[in-house]
Amino acid sequence: MGEVSKRSGWSFRIWDAWYVLCTSRELRAKPRALRLMDLPLVVFRDAHGKPGALLDRCAHRNAPLSAGRVRADTLECPYHGWQFDCGGACRHVPGLRDGAELPSRRVPSHATCEQDGYVWVYGRASVEPQTEPFRLPAIGRPGYTTVQRVVDSRAGVFAVVENALDVPHTAFVHRGLFRGSGKVNTIRAIVTRTQTGVQAEYVDEPRPRGLAARILSPGGGVVTHYDRFFLPTIAQVEYALGADTHFLVTALCTPIDDTSTRLFATVTFRTRLPGWLIKPVLNPVAMRIFQQDSAILRLQSQTIERFGGEHFASTEIDLLGPQILRMMRLVQEGKPAHDGKEWRREVEFRA
Amino acid sequence: MGEVSKRSGWSFRIWDAWYVLCTSRELRAKPRALRLMDLPLVVFRDAHGKPGALLDRCAHRNAPLSAGRVRADTLECPYHGWQFDCGGACRHVPGLRDGAELPSRRVPSHATCEQDGYVWVYGRASVEPQTEPFRLPAIGRPGYTTVQRVVDSRAGVFAVVENALDVPHTAFVHRGLFRGSGKVNTIRAIVTRTQTGVQAEYVDEPRPRGLAARILSPGGGVVTHYDRFFLPTIAQVEYALGADTHFLVTALCTPIDDTSTRLFATVTFRTRLPGWLIKPVLNPVAMRIFQQDSAILRLQSQTIERFGGEHFASTEIDLLGPQILRMMRLVQEGKPAHDGKEWRREVEFRA
Amino acid sequence: MGEVSKRSGWSFRIWDAWYVLCTSRELRAKPRALRLMDLPLVVFRDAHGKPGALLDRCAHRNAPLSAGRVRADTLECPYHGWQFDCGGACRHVPGLRDGAELPSRRVPSHATCEQDGYVWVYGRASVEPQTEPFRLPAIGRPGYTTVQRVVDSRAGVFAVVENALDVPHTAFVHRGLFRGSGKVNTIRAIVTRTQTGVQAEYVDEPRPRGLAARILSPGGGVVTHYDRFFLPTIAQVEYALGADTHFLVTALCTPIDDTSTRLFATVTFRTRLPGWLIKPVLNPVAMRIFQQDSAILRLQSQTIERFGGEHFASTEIDLLGPQILRMMRLVQEGKPAHDGKEWRREVEFRA
């Protein structure tokens, strides 16, 4: 039982990491204005289709480059037509006489990468990343179906990640959909820290009751259930019922600003029934869950803002939240997320 | 002739006092989110109907308790179902195994009281008040009729209280309703300080002209008229015409934030005509007066905000305003409102 | 090639200068609330039609005087009826007994002047200006027609003035209307500083192509073209085609606040065709140009605000902007705008 934080306005800022800015499909010929940790960026595809990401401010008179257009391998400012390449260098200034020197001022540029249907951007400008974006597991594995959805929350990224991996709130926020309608069981969870995050494994979890469970697995079976956090802001739930039913939900969470988070959810699953049959049933249930979480996260975020910062308390059944916040802070302060020693905790709770 | 104040953003903050948060009728089964001096509170009735008031922030993850529901003698958070009693202690955490210690963190709680049709809340959290709420006079006295109304003003509480007790503005803001339509008289006022406020008594005040006066007292008679301020934010006008007509208007003013005030007005009166005949005539006149005051107070408040604070000047006919502001400030600074010596001033003005 | 500015939130504040607050026509019997460099002012005509300008805040309880009414040669506050003359002195307090001293507190007043169809107000309060407002040239000259328009921009005054005098943006923001549709020429510009501003003269400028040019001068001829800046915030374009066609566009730019500018444009012209024939053609073209500039200025302003200030770079073809900003800053710092030495620069650019 302790305090998670007592502060006025902690801001998530982990610059040395990859974040999804949009889906591959969303990025077409027109440049897009997107924010990352409150930084205005323009993301665009050059004439070869390669994505680029620049600070969304022309070096000349500060017009937003996102209101301009792509010209060959450059982005052209809408005000005076200055052209910048993917590295942020100015390549053309209309009107300048032949032989005149081009402006040396660059627009800060960010490394980009396209993977698993997403456009990833590195948080820190003007550096060559030493890491690669997180690889989504099981995509394209035979017998599996994948669904991707984008959900916006008016809440900070820590609140969104904690919520995505939190079990106890489901009985209240998702009353009737998950739990809360049957008899109460004691479940054991084993929490372990890893080099890149933290994981909860649930032992002896009974087959759940409720609408969602009945749809997902009419036949029953042993439950395997992991909730995982990966730095900087990735939440993953792995859930299996017996040998046939396997769900992997990965939420890539992008911190837009202190009170807005965009969640790129990928659900990859296999059931006894074919995917095309499950998808139309799964979709409205998943969207209802996302809406309920969005609503409570918005209320929580408004209250935190009203008081000028968070003031949290936790109990032993807040399995992952305090661990996640601790790791986010260590990394933000430039310290290692894990000291290398094994760390393991067993907790019993009732659900 | 002097300056009342020259400051940037004085905020009324008298914590050790009772304030009305809502009418008894407004508080039903659903908890209500209300603010007092910018503090977000949740007011609710437990299963026995007793009102409670807590800071509107769950001790766990800061969700607003006002979005939750009452469960027996506790209020349940909408996010994870933590339950808090009227004293702010956590009484239940769903999911915690039997025998686990409940969180010790309390939600700050405020003393409450129900009286004269209002729910009163004490401003300072976690204390046992040494005083009782202000008693409304004459309610239920034989032959008297009582009407209660709630009026919101977009203005600070001092501006609202001063306005409620100010005579000169009536000729401009309420032109035609009160004064401003007849011949001008010289009136004498005697202003005296008391232990708990300040009072103006009007001597030789002629029977007023205008629509309101003609409705209230067709028969005429000697005028008795007192304007009174009671700490912290109560304005009272007592007005009698002869032996038969007697009006007591008490405005309990609740500071919501620096630029919003909720005024709980109680009008108790007796006239030669029966109350049920006066009420339907009185009501539209009273509402018109409140609307006119609201409009000018809003303009005043916007101008003060635009300039970052008040910059007032006064003359001798600003009878009560400067006295009220002085007392509010003394109390706010922890000093006695009155030094015990008799203080009396006579002022002549034309109305 | 250099940096114009790198700062967080530079604010234009040149108090010792005349600004247009509204057109003569806009100021009738009702007082008007208008802002100048973020200062709330009330402008009104007294009973003789003479304009007056006061700080828009009653000296008594800070109600806005702009919500009051004119009474003979004074402005009456809507709250308690205090009356102030054009010099800001309180001349009457309703209710004060005969012989009581009037309040000495004045409302700050500004010198006013009516000229060329505009109401001018001096920026600094309570001083006698040593200068006169800028005289619009050619108004009323035989054979000339004058059109006046008011355009609001959501941008700071420097950005608006620079935009009004900038040539290179026309090929992008006004693509098709001015330039950008024909072959590219090299033009020479001679930039000179004066005591009161800076001027660019264009030498060997070819007759422009595009819709506007074809309408304005079907016959062709030698181009004479000057872009001029006059302190504090006046932009002027003079353009002649041969002996018959002569346009003078003067933009009197009023800084309302850091991100709003009101532009009072006066177009005075003479062509081979009569003015009544040109006006209905000129008007939609001019309004389209103003709208396009407003749109890009708004985008620029929003980006600057988002980043907390400007971060500009310039090239040699930013002929006037850096000169204008330099002069505005010198004057704002109380230094002379020009050191008296001749300053002249020749620049070649392609248009």
# chains A, B, ... in the order shown; residues from 1 in each chain; ligands from 1

$ select_by_dssp --residues "region 104-294 of chain A" --states "strand (DSSP E or B)" --output "ChimeraX atom specification"
/A:109-110,112-115,118-122,145-153,186-193,197-203,223-230,234-241,245-257,260-270

$ closest_atom_pairs --of "chain A" --to "chain B" --cutoff "7 Å" --atoms "only C-alpha atoms" --output "Markdown table"
| residue | atom | partner | partner_atom | distance |
| --- | --- | --- | --- | --- |
| A:Met1 | CA | B:Pro103 | CA | 6.4 |
| A:Pro168 | CA | B:His80 | CA | 6.2 |
| A:His169 | CA | B:His80 | CA | 4.6 |
| A:Phe172 | CA | B:His80 | CA | 6.1 |
| A:Val173 | CA | B:Tyr79 | CA | 6.1 |
| A:Ile296 | CA | B:Tyr79 | CA | 6.7 |
| A:Leu299 | CA | B:Ala63 | CA | 6.2 |
| A:Gln300 | CA | B:Ala63 | CA | 4.2 |
| A:Thr303 | CA | B:Pro64 | CA | 6.2 |
| A:Ile304 | CA | B:Asn62 | CA | 6.5 |
| A:His311 | CA | B:Asn62 | CA | 6.8 |
| A:Phe312 | CA | B:His60 | CA | 5.2 |
| A:Ala313 | CA | B:His60 | CA | 4.6 |
| A:Ser314 | CA | B:His60 | CA | 6.0 |
| A:Thr315 | CA | B:Pro103 | CA | 6.8 |
| A:Ile317 | CA | B:Leu96 | CA | 6.6 |
| A:Glu348 | CA | B:Arg97 | CA | 6.4 |
| A:Phe349 | CA | B:Arg97 | CA | 5.0 |
| A:Arg350 | CA | B:Gly95 | CA | 4.4 |
| A:Ala351 | CA | B:Gly95 | CA | 5.8 |

$ write_last_selection --atoms "N, CA, C and O atoms" --output "short mmCIF file (atom, residue, chain, number, x, y, z; two decimals), in the first residue's frame"
data_model
loop_
_atom_site.label_atom_id
_atom_site.label_comp_id
_atom_site.auth_asym_id
_atom_site.auth_seq_id
_atom_site.Cartn_x
_atom_site.Cartn_y
_atom_site.Cartn_z
N MET A 1 0.84 -1.19 0.00
CA MET A 1 0.00 0.00 0.00
C MET A 1 0.88 1.24 0.00
O MET A 1 1.59 1.50 0.95
N PRO A 168 -8.94 -5.26 -12.23
CA PRO A 168 -10.08 -4.95 -11.33
C PRO A 168 -11.13 -3.99 -11.90
O PRO A 168 -12.30 -4.09 -11.54
N HIS A 169 -10.75 -3.06 -12.76
CA HIS A 169 -11.75 -2.09 -13.25
C HIS A 169 -12.79 -2.75 -14.15
O HIS A 169 -13.86 -2.18 -14.36
N PHE A 172 -16.32 -3.02 -12.97
CA PHE A 172 -17.10 -1.80 -12.81
C PHE A 172 -17.34 -1.08 -14.12
O PHE A 172 -18.46 -0.76 -14.47
N VAL A 173 -16.27 -0.87 -14.86
CA VAL A 173 -16.39 -0.10 -16.10
C VAL A 173 -17.03 -0.94 -17.21
O VAL A 173 -17.78 -0.43 -18.02
N ILE A 296 -14.25 6.67 -18.87
CA ILE A 296 -13.72 6.78 -17.50
C ILE A 296 -12.35 7.45 -17.50
O ILE A 296 -12.03 8.23 -16.59
N LEU A 299 -12.90 11.19 -17.58
CA LEU A 299 -13.28 11.70 -16.26
C LEU A 299 -12.05 11.77 -15.34
O LEU A 299 -11.84 12.75 -14.62
N GLN A 300 -11.26 10.70 -15.35
CA GLN A 300 -10.06 10.68 -14.51
C GLN A 300 -9.11 11.82 -14.90
O GLN A 300 -8.62 12.57 -14.05
N THR A 303 -10.27 15.26 -13.79
CA THR A 303 -10.09 15.47 -12.36
C THR A 303 -8.63 15.76 -12.05
O THR A 303 -8.30 16.66 -11.26
N ILE A 304 -7.73 15.01 -12.67
CA ILE A 304 -6.29 15.24 -12.45
C ILE A 304 -5.91 16.65 -12.88
O ILE A 304 -5.21 17.37 -12.15
N HIS A 311 -2.59 12.37 -7.77
CA HIS A 311 -2.38 12.09 -6.35
C HIS A 311 -2.94 10.68 -6.13
O HIS A 311 -4.08 10.51 -5.73
N PHE A 312 -2.13 9.67 -6.44
CA PHE A 312 -2.59 8.29 -6.49
C PHE A 312 -2.23 7.53 -5.21
O PHE A 312 -1.22 7.81 -4.56
N ALA A 313 -3.03 6.57 -4.86
CA ALA A 313 -2.67 5.57 -3.85
C ALA A 313 -2.90 4.19 -4.51
O ALA A 313 -3.72 4.07 -5.41
N SER A 314 -2.17 3.18 -4.05
CA SER A 314 -2.32 1.85 -4.65
C SER A 314 -2.43 0.79 -3.58
O SER A 314 -2.04 0.99 -2.43
N THR A 315 -2.99 -0.35 -3.96
CA THR A 315 -2.97 -1.53 -3.11
C THR A 315 -2.20 -2.63 -3.84
O THR A 315 -1.79 -2.44 -4.99
N ILE A 317 -3.23 -5.13 -5.29
CA ILE A 317 -3.84 -5.64 -6.53
C ILE A 317 -3.72 -4.66 -7.70
O ILE A 317 -4.23 -4.93 -8.78
N GLU A 348 -2.46 -12.50 -4.55
CA GLU A 348 -3.78 -13.11 -4.70
C GLU A 348 -4.85 -12.03 -4.74
O GLU A 348 -4.80 -11.07 -3.97
N PHE A 349 -5.81 -12.19 -5.62
CA PHE A 349 -6.94 -11.25 -5.61
C PHE A 349 -8.21 -11.99 -5.98
O PHE A 349 -8.17 -13.13 -6.42
N ARG A 350 -9.31 -11.31 -5.80
CA ARG A 350 -10.61 -11.93 -6.02
C ARG A 350 -11.27 -11.31 -7.24
O ARG A 350 -11.37 -10.10 -7.36
N ALA A 351 -11.74 -12.17 -8.15
CA ALA A 351 -12.38 -11.64 -9.35
C ALA A 351 -13.50 -12.58 -9.78
O ALA A 351 -13.52 -13.74 -9.41
#

$ residues_around --residues "Ser24 (chain A)" --least-positions-apart "5" --cutoff "7 Å" --atoms "only C-alpha atoms" --output "JSON, numbers by chain"
{"A": [117, 118, 119]}

$ write_last_selection --atoms "all heavy atoms" --output "compact mmCIF listing (two decimals), in the first residue's frame"
# COMPACT_ATOMS: atom_id res chain seq x y z
N GLY A 117 2.04 -2.30 -41.05
CA GLY A 117 0.89 -1.45 -41.36
C GLY A 117 0.89 -0.10 -40.67
O GLY A 117 -0.10 0.62 -40.72
N TYR A 118 2.00 0.25 -40.00
CA TYR A 118 2.08 1.52 -39.28
C TYR A 118 3.25 2.36 -39.76
O TYR A 118 4.28 1.81 -40.16
CB TYR A 118 2.25 1.27 -37.77
CG TYR A 118 1.05 0.62 -37.12
CD1 TYR A 118 1.17 -0.61 -36.47
CD2 TYR A 118 -0.19 1.23 -37.14
CE1 TYR A 118 0.08 -1.21 -35.85
CE2 TYR A 118 -1.29 0.64 -36.53
CZ TYR A 118 -1.15 -0.58 -35.89
OH TYR A 118 -2.24 -1.15 -35.29
N VAL A 119 3.10 3.67 -39.65
CA VAL A 119 4.22 4.59 -39.89
C VAL A 119 4.80 4.96 -38.52
O VAL A 119 4.11 5.57 -37.69
CB VAL A 119 3.76 5.86 -40.64
CG1 VAL A 119 4.92 6.83 -40.79
CG2 VAL A 119 3.17 5.48 -41.99

$ select_by_dssp --residues "region 105-297 of chain A" --states "alpha helix (DSSP H)" --output "ChimeraX atom specification"
/A:157-165,170-173,211-216,275-297

$ write_last_selection --atoms "N, CA and C atoms" --output "compact mmCIF listing (two decimals), in the first residue's frame"
# COMPACT_ATOMS: atom_id res chain seq x y z
N VAL A 157 -0.71 9.19 -21.34
CA VAL A 157 -0.36 7.87 -21.84
C VAL A 157 -0.20 6.85 -20.71
N PHE A 158 0.27 7.27 -19.53
CA PHE A 158 0.38 6.29 -18.44
C PHE A 158 -1.00 5.76 -18.04
N ALA A 159 -1.97 6.67 -17.91
CA ALA A 159 -3.32 6.26 -17.53
C ALA A 159 -3.91 5.28 -18.55
N VAL A 160 -3.63 5.50 -19.83
CA VAL A 160 -4.17 4.64 -20.88
C VAL A 160 -3.51 3.26 -20.83
N VAL A 161 -2.19 3.23 -20.66
CA VAL A 161 -1.47 1.95 -20.61
C VAL A 161 -1.89 1.17 -19.37
N GLU A 162 -1.95 1.84 -18.22
CA GLU A 162 -2.35 1.13 -17.00
C GLU A 162 -3.76 0.55 -17.16
N ASN A 163 -4.66 1.36 -17.69
CA ASN A 163 -6.04 0.92 -17.90
C ASN A 163 -6.12 -0.31 -18.80
N ALA A 164 -5.29 -0.32 -19.86
CA ALA A 164 -5.35 -1.42 -20.82
C ALA A 164 -4.94 -2.74 -20.17
N LEU A 165 -4.11 -2.66 -19.12
CA LEU A 165 -3.58 -3.87 -18.50
C LEU A 165 -4.19 -4.16 -17.12
N THR A 170 -12.48 -3.92 -14.68
CA THR A 170 -13.41 -4.53 -15.65
C THR A 170 -14.76 -4.83 -15.01
N ALA A 171 -14.76 -5.14 -13.71
CA ALA A 171 -16.02 -5.46 -13.03
C ALA A 171 -16.91 -4.22 -12.89
N PHE A 172 -16.32 -3.02 -12.97
CA PHE A 172 -17.10 -1.80 -12.81
C PHE A 172 -17.34 -1.08 -14.12
N VAL A 173 -16.27 -0.87 -14.86
CA VAL A 173 -16.39 -0.10 -16.10
C VAL A 173 -17.03 -0.94 -17.21
N LEU A 211 -20.95 -12.26 -21.47
CA LEU A 211 -21.25 -12.30 -22.89
C LEU A 211 -20.01 -12.56 -23.74
N ALA A 212 -18.96 -11.76 -23.50
CA ALA A 212 -17.77 -11.84 -24.34
C ALA A 212 -17.18 -13.25 -24.30
N ALA A 213 -17.05 -13.79 -23.07
CA ALA A 213 -16.44 -15.11 -22.92
C ALA A 213 -17.25 -16.17 -23.65
N ARG A 214 -18.56 -16.08 -23.56
CA ARG A 214 -19.39 -17.09 -24.20
C ARG A 214 -19.25 -17.04 -25.73
N ILE A 215 -19.06 -15.85 -26.25
CA ILE A 215 -18.87 -15.73 -27.70
C ILE A 215 -17.50 -16.29 -28.11
N LEU A 216 -16.47 -15.97 -27.30
CA LEU A 216 -15.11 -16.29 -27.70
C LEU A 216 -14.79 -17.77 -27.59
N GLY A 275 -12.21 -16.92 -38.71
CA GLY A 275 -12.05 -15.51 -38.37
C GLY A 275 -13.15 -14.63 -38.94
N TRP A 276 -13.58 -14.91 -40.19
CA TRP A 276 -14.59 -14.04 -40.82
C TRP A 276 -15.93 -14.11 -40.07
N LEU A 277 -16.11 -15.16 -39.29
CA LEU A 277 -17.34 -15.30 -38.52
C LEU A 277 -17.21 -14.57 -37.18
N ILE A 278 -16.01 -14.61 -36.63
CA ILE A 278 -15.77 -13.99 -35.32
C ILE A 278 -15.72 -12.45 -35.43
N LYS A 279 -15.05 -11.97 -36.49
CA LYS A 279 -14.82 -10.52 -36.63
C LYS A 279 -16.06 -9.66 -36.44
N PRO A 280 -17.17 -9.94 -37.14
CA PRO A 280 -18.35 -9.05 -36.97
C PRO A 280 -18.97 -9.12 -35.59
N VAL A 281 -18.70 -10.20 -34.83
CA VAL A 281 -19.22 -10.29 -33.46
C VAL A 281 -18.26 -9.58 -32.52
N LEU A 282 -16.96 -9.79 -32.76
CA LEU A 282 -15.93 -9.23 -31.89
C LEU A 282 -15.93 -7.70 -31.94
N ASN A 283 -16.13 -7.16 -33.14
CA ASN A 283 -15.96 -5.72 -33.36
C ASN A 283 -16.84 -4.85 -32.45
N PRO A 284 -18.17 -5.06 -32.43
CA PRO A 284 -18.98 -4.19 -31.55
C PRO A 284 -18.65 -4.37 -30.07
N VAL A 285 -18.27 -5.58 -29.65
CA VAL A 285 -17.89 -5.78 -28.25
C VAL A 285 -16.62 -5.00 -27.94
N ALA A 286 -15.63 -5.11 -28.83
CA ALA A 286 -14.37 -4.39 -28.62
C ALA A 286 -14.61 -2.89 -28.60
N MET A 287 -15.41 -2.37 -29.51
CA MET A 287 -15.65 -0.93 -29.57
C MET A 287 -16.38 -0.45 -28.32
N ARG A 288 -17.27 -1.27 -27.78
CA ARG A 288 -17.98 -0.91 -26.54
C ARG A 288 -16.99 -0.81 -25.38
N ILE A 289 -16.06 -1.79 -25.32
CA ILE A 289 -15.05 -1.77 -24.27
C ILE A 289 -14.19 -0.50 -24.40
N PHE A 290 -13.74 -0.19 -25.61
CA PHE A 290 -12.92 0.99 -25.83
C PHE A 290 -13.68 2.26 -25.43
N GLN A 291 -14.96 2.34 -25.77
CA GLN A 291 -15.74 3.53 -25.43
C GLN A 291 -15.90 3.68 -23.92
N GLN A 292 -16.14 2.55 -23.23
CA GLN A 292 -16.29 2.62 -21.78
C GLN A 292 -14.98 3.07 -21.13
N ASP A 293 -13.86 2.53 -21.62
CA ASP A 293 -12.56 2.95 -21.07
C ASP A 293 -12.29 4.41 -21.38
N SER A 294 -12.59 4.84 -22.61
CA SER A 294 -12.41 6.24 -22.98
C SER A 294 -13.18 7.16 -22.05
N ALA A 295 -14.40 6.79 -21.72
CA ALA A 295 -15.25 7.64 -20.88
C ALA A 295 -14.67 7.78 -19.47
N ILE A 296 -14.25 6.67 -18.87
CA ILE A 296 -13.72 6.78 -17.50
C ILE A 296 -12.35 7.45 -17.50
N LEU A 297 -11.55 7.21 -18.55
CA LEU A 297 -10.23 7.86 -18.63
C LEU A 297 -10.39 9.37 -18.77

$ closest_residue --among "B:Gly197, B:Ala189, B:Asp318, B:Arg149" --to "Val249 (chain B)" --atoms "only C-alpha atoms"
B:Arg149

$ residues_around --residues "Ser11 (chain C)" --least-positions-apart "5" --cutoff "9 Å" --atoms "only C-alpha atoms" --output "PyMOL selection string"
chain C and resi 37+156+257-258

$ residues_around --residues "Gly334 (chain C)" --least-positions-apart "3" --cutoff "12 Å" --atoms "only C-alpha atoms" --output "list in words"
Arg13, Ile14, Trp15, Asp16, Met327, Met328, Arg329, Leu330, Val331, Ala337 and His338 of chain C

$ residues_around --residues "Ala72 (chain A)" --least-positions-apart "2" --cutoff "8 Å" --atoms "only C-alpha atoms" --output "number ranges by chain"
A: 46-47, 70, 74

$ atom_distance --atom1 "CA of Pro129 (chain A)" --atom2 "CA of Ala111 (chain A)"
7.2 Å

$ residues_around --residues "Thr112 (chain A)" --least-positions-apart "6" --cutoff "12 Å" --atoms "only C-alpha atoms" --output "VMD selection string"
chain A and resid 17 to 22 24 41 to 45 50 to 54 86 to 87 118 to 129 131 to 133

$ write_last_selection --atoms "N, CA, C and O atoms" --output "short mmCIF file (atom, residue, chain, number, x, y, z; two decimals), in the first residue's frame"
data_model
loop_
_atom_site.label_atom_id
_atom_site.label_comp_id
_atom_site.auth_asym_id
_atom_site.auth_seq_id
_atom_site.Cartn_x
_atom_site.Cartn_y
_atom_site.Cartn_z
N ALA A 17 12.85 6.82 -28.48
CA ALA A 17 12.01 5.64 -28.71
C ALA A 17 11.19 5.86 -29.97
O ALA A 17 11.02 6.99 -30.44
N TRP A 18 10.69 4.75 -30.50
CA TRP A 18 9.83 4.79 -31.69
C TRP A 18 8.36 4.85 -31.27
O TRP A 18 7.96 4.20 -30.31
N TYR A 19 7.58 5.62 -32.02
CA TYR A 19 6.14 5.70 -31.78
C TYR A 19 5.42 5.60 -33.12
O TYR A 19 5.93 6.05 -34.15
N VAL A 20 4.22 5.03 -33.09
CA VAL A 20 3.40 5.01 -34.30
C VAL A 20 2.73 6.38 -34.42
O VAL A 20 2.15 6.89 -33.47
N LEU A 21 2.84 7.01 -35.59
CA LEU A 21 2.15 8.29 -35.78
C LEU A 21 0.83 8.14 -36.53
O LEU A 21 -0.11 8.89 -36.31
N CYS A 22 0.79 7.18 -37.45
CA CYS A 22 -0.47 6.91 -38.13
C CYS A 22 -0.37 5.54 -38.80
O CYS A 22 0.69 4.93 -38.81
N SER A 24 -0.32 3.08 -42.10
CA SER A 24 0.20 3.23 -43.46
C SER A 24 -0.88 3.73 -44.40
O SER A 24 -0.64 4.58 -45.27
N LEU A 41 4.46 17.81 -35.69
CA LEU A 41 5.23 17.21 -36.78
C LEU A 41 4.39 17.17 -38.05
O LEU A 41 3.16 17.17 -37.99
N VAL A 42 5.09 17.16 -39.19
CA VAL A 42 4.42 16.87 -40.45
C VAL A 42 4.99 15.56 -40.96
O VAL A 42 6.20 15.37 -40.98
N VAL A 43 4.11 14.64 -41.32
CA VAL A 43 4.52 13.36 -41.87
C VAL A 43 4.02 13.32 -43.32
O VAL A 43 2.89 13.72 -43.59
N PHE A 44 4.88 12.88 -44.22
CA PHE A 44 4.50 12.87 -45.64
C PHE A 44 5.22 11.74 -46.35
O PHE A 44 6.16 11.15 -45.82
N ARG A 45 4.75 11.44 -47.55
CA ARG A 45 5.45 10.48 -48.41
C ARG A 45 6.09 11.26 -49.55
O ARG A 45 5.41 12.06 -50.20
N LYS A 50 8.29 6.90 -49.84
CA LYS A 50 9.02 6.77 -48.57
C LYS A 50 8.52 7.83 -47.58
O LYS A 50 8.44 9.01 -47.92
N PRO A 51 8.15 7.43 -46.35
CA PRO A 51 7.67 8.45 -45.40
C PRO A 51 8.81 9.30 -44.83
O PRO A 51 9.93 8.81 -44.66
N GLY A 52 8.50 10.56 -44.60
CA GLY A 52 9.42 11.48 -43.96
C GLY A 52 8.68 12.20 -42.83
O GLY A 52 7.45 12.28 -42.84
N ALA A 53 9.44 12.68 -41.84
CA ALA A 53 8.81 13.41 -40.72
C ALA A 53 9.68 14.60 -40.36
O ALA A 53 10.87 14.46 -40.08
N LEU A 54 9.07 15.79 -40.41
CA LEU A 54 9.79 17.02 -40.08
C LEU A 54 9.02 17.79 -39.00
O LEU A 54 7.81 17.58 -38.83
N CYS A 86 13.65 15.11 -46.94
CA CYS A 86 13.32 14.31 -45.75
C CYS A 86 14.29 14.55 -44.60
O CYS A 86 13.98 14.28 -43.44
N GLY A 87 15.49 15.02 -44.92
CA GLY A 87 16.47 15.30 -43.87
C GLY A 87 16.33 16.71 -43.32
O GLY A 87 17.08 17.11 -42.44
N TYR A 118 2.00 0.25 -40.00
CA TYR A 118 2.08 1.52 -39.28
C TYR A 118 3.25 2.36 -39.76
O TYR A 118 4.28 1.81 -40.16
N VAL A 119 3.10 3.67 -39.65
CA VAL A 119 4.22 4.59 -39.89
C VAL A 119 4.80 4.96 -38.52
O VAL A 119 4.11 5.57 -37.69
N TRP A 120 6.03 4.53 -38.28
CA TRP A 120 6.71 4.79 -37.01
C TRP A 120 7.64 5.98 -37.16
O TRP A 120 8.27 6.16 -38.19
N VAL A 121 7.72 6.79 -36.11
CA VAL A 121 8.61 7.95 -36.11
C VAL A 121 9.43 7.92 -34.82
O VAL A 121 8.90 7.58 -33.75
N TYR A 122 10.71 8.25 -34.94
CA TYR A 122 11.56 8.27 -33.76
C TYR A 122 11.36 9.60 -33.03
O TYR A 122 11.26 10.66 -33.65
N GLY A 123 11.32 9.56 -31.71
CA GLY A 123 10.97 10.74 -30.93
C GLY A 123 11.99 11.86 -30.98
O GLY A 123 11.64 13.03 -31.04
N ARG A 124 13.29 11.50 -30.97
CA ARG A 124 14.32 12.55 -30.93
C ARG A 124 14.68 12.95 -32.36
O ARG A 124 14.84 12.09 -33.23
N ALA A 125 14.78 14.26 -32.59
CA ALA A 125 15.10 14.75 -33.93
C ALA A 125 16.59 14.60 -34.21
O ALA A 125 17.41 14.55 -33.28
N SER A 126 16.89 14.53 -35.50
CA SER A 126 18.29 14.64 -35.96
C SER A 126 19.24 13.59 -35.39
O SER A 126 20.41 13.88 -35.19
N VAL A 127 18.72 12.40 -35.10
CA VAL A 127 19.63 11.32 -34.68
C VAL A 127 19.32 10.06 -35.50
O VAL A 127 18.25 9.91 -36.08
N GLU A 128 20.31 9.16 -35.53
CA GLU A 128 20.16 7.87 -36.19
C GLU A 128 19.79 6.88 -35.09
O GLU A 128 20.59 6.60 -34.21
N PRO A 129 18.56 6.34 -35.08
CA PRO A 129 18.15 5.46 -33.98
C PRO A 129 19.03 4.20 -33.89
O PRO A 129 19.41 3.65 -34.92
N THR A 131 17.87 1.58 -32.26
CA THR A 131 16.92 0.48 -32.07
C THR A 131 15.95 0.42 -33.24
O THR A 131 15.93 1.31 -34.09
N GLU A 132 15.17 -0.66 -33.27
CA GLU A 132 14.13 -0.78 -34.28
C GLU A 132 12.76 -0.77 -33.60
O GLU A 132 12.65 -1.07 -32.42
N PRO A 133 11.70 -0.40 -34.33
CA PRO A 133 10.37 -0.41 -33.73
C PRO A 133 9.99 -1.80 -33.25
O PRO A 133 10.50 -2.81 -33.74
#

$ atom_distance --atom1 "CA of Phe269 (chain A)" --atom2 "CA of Thr145 (chain A)"
5.4 Å

$ atom_distance --atom1 "CA of Glu114 (chain C)" --atom2 "CA of Asp85 (chain C)"
18.1 Å

$ closest_residue --among "A:Thr233, A:Thr268, A:Ile139, A:Cys90" --to "Ser109 (chain A)" --atoms "only C-alpha atoms"
A:Cys90
